[in-house]
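Worksheet for the structure shown next.
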Amino acid sequence: MRELARSLACEAGEQVRAGRPERVTVAATKSNDVDPVTDMDRAVEAQLRRRIAAERPDDAILGEEGDDVAGTSGLTWVLDPIDGTVNYLYGVASYAVSVAVVAGPVDPARWTALAGCVHSVVDGHTWTAARGGGAERDGRPLRVSRPDGLSRSLVGTGFGYAPERRARQAEVLAHVLPRVRDIRRLGSAAIDLCLLAEGALDLYYERGLNPWDMAAGALVAAEAGAWVGGLHGRGPGSAMTVAGATPVVDELVRLLEAAGADRPEGMPGPDD
């Protein structure tokens with residue numbers, strides 16, 4: 001499964017690299033008019049679906065851009081053809097193909113991730129993981145960093161597209177930023193989680209992730225020694241995903257809970 005995920009992601013990455021025009025145009029939008037889809041997103045996912053149908057015809061498929069495919073094996077391939085589409089659109093060098101296979105419900109808090117691969121399109125770095133088999137980048141085993149406290153931690157995050165969510169995330173960021181070394185917002189959750197796995201980020205949190213945003217990256221992070229979860233004892237998911245090594249990740253969880261980071265938009269924040 002790990003090797004198949006790697007093959008699928010790397011092949012798709014080459015398709016993205018070879019086919020990117022000098023000027024990318026938006027083919028459609030999703031949640032609102034700043035949440036783009038390109039023709040390449042659709043073409044890459046279609047190719048991934050064809051490959052999986054040929055290799056694993058009994059497995060289900062969940063992709064960002066296409067219709068879900070039911071299966072009979074109990075396994076589901078979770079696909080993000082270009083994680084970081086806005087970066088791809090503008091030519092910013094942080095976008096990736098993410099491919100994972102999970103067992104059980106298609107819910108990050110309840111599934112069992114079995115294998116995954118994140119392939120960074122621009123630089124060709126490839127992160128892979130298998131459940132119980134560790135995580136690697138380009139064949140090198142990975143371990144998360146263990147910083148000496150929250151104040152010495154470099155923290156990755158991301159923002160949603162809806163104005164109401166962005167406003168709430170800015171409020172949360174104002175609570176987090178003074179208490180950490182610094183913040184990085186690179187624009188690809190899959191790459192962020194893999195950078196955490198290799199120690200290039202110490203901690204990571206984000207609200208609003210979809211299953212395909214995190215399926216492979218969260219497994220890479222977990223297999224590198226990270227705790228991956230949510231707030232208030234919940235698992236990772238759309239409400240909040242937090243990752244990092246214990247015990248410092250526990251400090252971040254408490255800080256985010258105090259800031260009401262998973263509170264629905266429109267509800268008062270802790271200082272309102």
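Residues are referred to by chain and number: the chain letter is A, B, ... according to the order shown in the structure tokens, the number counts from 1 in that chain, and ligands are numbered separately from 1 in the order shown.
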Which polymer residues have any atom within 8 Å of an atom of Ala60 in chain A, counting only C-alpha atoms, with same-chain residues fewer than 3 positions away left out, as a VMD selection string?
chain A and resid 68 to 77
Could you write out that same residue set with N, CA and C atoms as a short mmCIF file (atom, residue, chain, number, x, y, z; two decimals), in the first residue's frame?
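Contents of the output file selection.cif:
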```cif
data_model
loop_
_atom_site.label_atom_id
_atom_site.label_comp_id
_atom_site.auth_asym_id
_atom_site.auth_seq_id
_atom_site.Cartn_x
_atom_site.Cartn_y
_atom_site.Cartn_z
N ASP A 68 -17.61 10.54 -5.16
CA ASP A 68 -17.14 9.39 -4.38
C ASP A 68 -17.44 8.10 -5.12
N VAL A 69 -16.54 7.14 -4.96
CA VAL A 69 -16.70 5.81 -5.55
C VAL A 69 -16.84 4.81 -4.42
N ALA A 70 -17.91 4.05 -4.41
CA ALA A 70 -18.13 3.05 -3.37
C ALA A 70 -17.24 1.83 -3.62
N GLY A 71 -16.91 1.12 -2.55
CA GLY A 71 -16.10 -0.08 -2.67
C GLY A 71 -16.65 -1.18 -1.79
N THR A 72 -16.04 -2.36 -1.89
CA THR A 72 -16.48 -3.52 -1.10
C THR A 72 -15.40 -4.06 -0.19
N SER A 73 -14.19 -3.50 -0.26
CA SER A 73 -13.06 -4.04 0.50
C SER A 73 -12.94 -3.49 1.91
N GLY A 74 -13.64 -2.40 2.21
CA GLY A 74 -13.48 -1.73 3.50
C GLY A 74 -12.37 -0.71 3.51
N LEU A 75 -11.68 -0.56 2.38
CA LEU A 75 -10.59 0.41 2.27
C LEU A 75 -11.02 1.56 1.36
N THR A 76 -10.51 2.75 1.67
CA THR A 76 -10.83 3.94 0.88
C THR A 76 -9.55 4.70 0.57
N TRP A 77 -9.37 5.06 -0.68
CA TRP A 77 -8.26 5.93 -1.10
C TRP A 77 -8.74 7.37 -1.00
#
```
If DSSP is run on the backbone, what residues of range 94-266 of chain A are strand (DSSP E or B)? A reply as JSON, numbers by chain would be ideal.
{"A": [96, 97, 98, 99, 100, 101, 102, 103, 112, 113, 114, 115, 116, 117, 118, 119, 120, 126, 127, 128, 129, 130, 134, 135, 136, 137, 140, 141, 154, 155, 156, 182, 183, 184, 203, 204, 205, 206, 227, 228, 229, 241, 242, 243, 244]}
Interatomic distance (Å, one decimal) between CA of Leu219 in chain A and CA of Arg254 in chain A:
22.9 Å
Range 234-257 of chain A near range 103-124 of chain A within 9 Å: what's each residue's closest atom pair and its distance in Å to one decimal, counting only C-alpha atoms, ordered by chain then ascending residue number, as a Markdown table?
```
| residue | atom | partner | partner_atom | distance |
| --- | --- | --- | --- | --- |
| A:Arg234 | CA | A:Ala109 | CA | 7.5 |
| A:Gly235 | CA | A:Ala109 | CA | 4.4 |
| A:Pro236 | CA | A:Ala109 | CA | 5.3 |
| A:Gly237 | CA | A:Pro108 | CA | 5.8 |
| A:Ser238 | CA | A:Pro108 | CA | 8.9 |
```
Find the residue from A:Phe159, A:Gly149, A:Arg181, A:Ile191 that sits nearest to Val249 in chain A; use only C-alpha atoms when measuring.
A:Gly149
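Using only C-alpha atoms, the smallest distance between any of A:Ala129, A:Leu256, A:Ala100, A:Leu201 and Gln169 in chain A comes from A:Leu256.
Nearest residue to Val220 in chain A, choosing from A:Arg166, A:Arg131, A:Arg184, A:Arg207 and counting only C-alpha atoms: A:Arg131.
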Residue among A:Ala46, A:Ala245, A:Val78, A:Ala53 lying closest to Ser98 in chain A, counting only C-alpha atoms:
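Result for the nearest residue to Ser98 in chain A: A:Val78.
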Going by DSSP on the backbone, which bits of range 17-235 of chain A are alpha helix (DSSP H)? Write them as a VMD selection string, please.
chain A and resid 17 to 19 39 to 55 85 to 90 163 to 176 189 to 197 211 to 223
Which is closest to Arg137 in chain A among A:His125, A:His175, A:Arg2, A:Arg20, if we use only C-alpha atoms?
A:His125
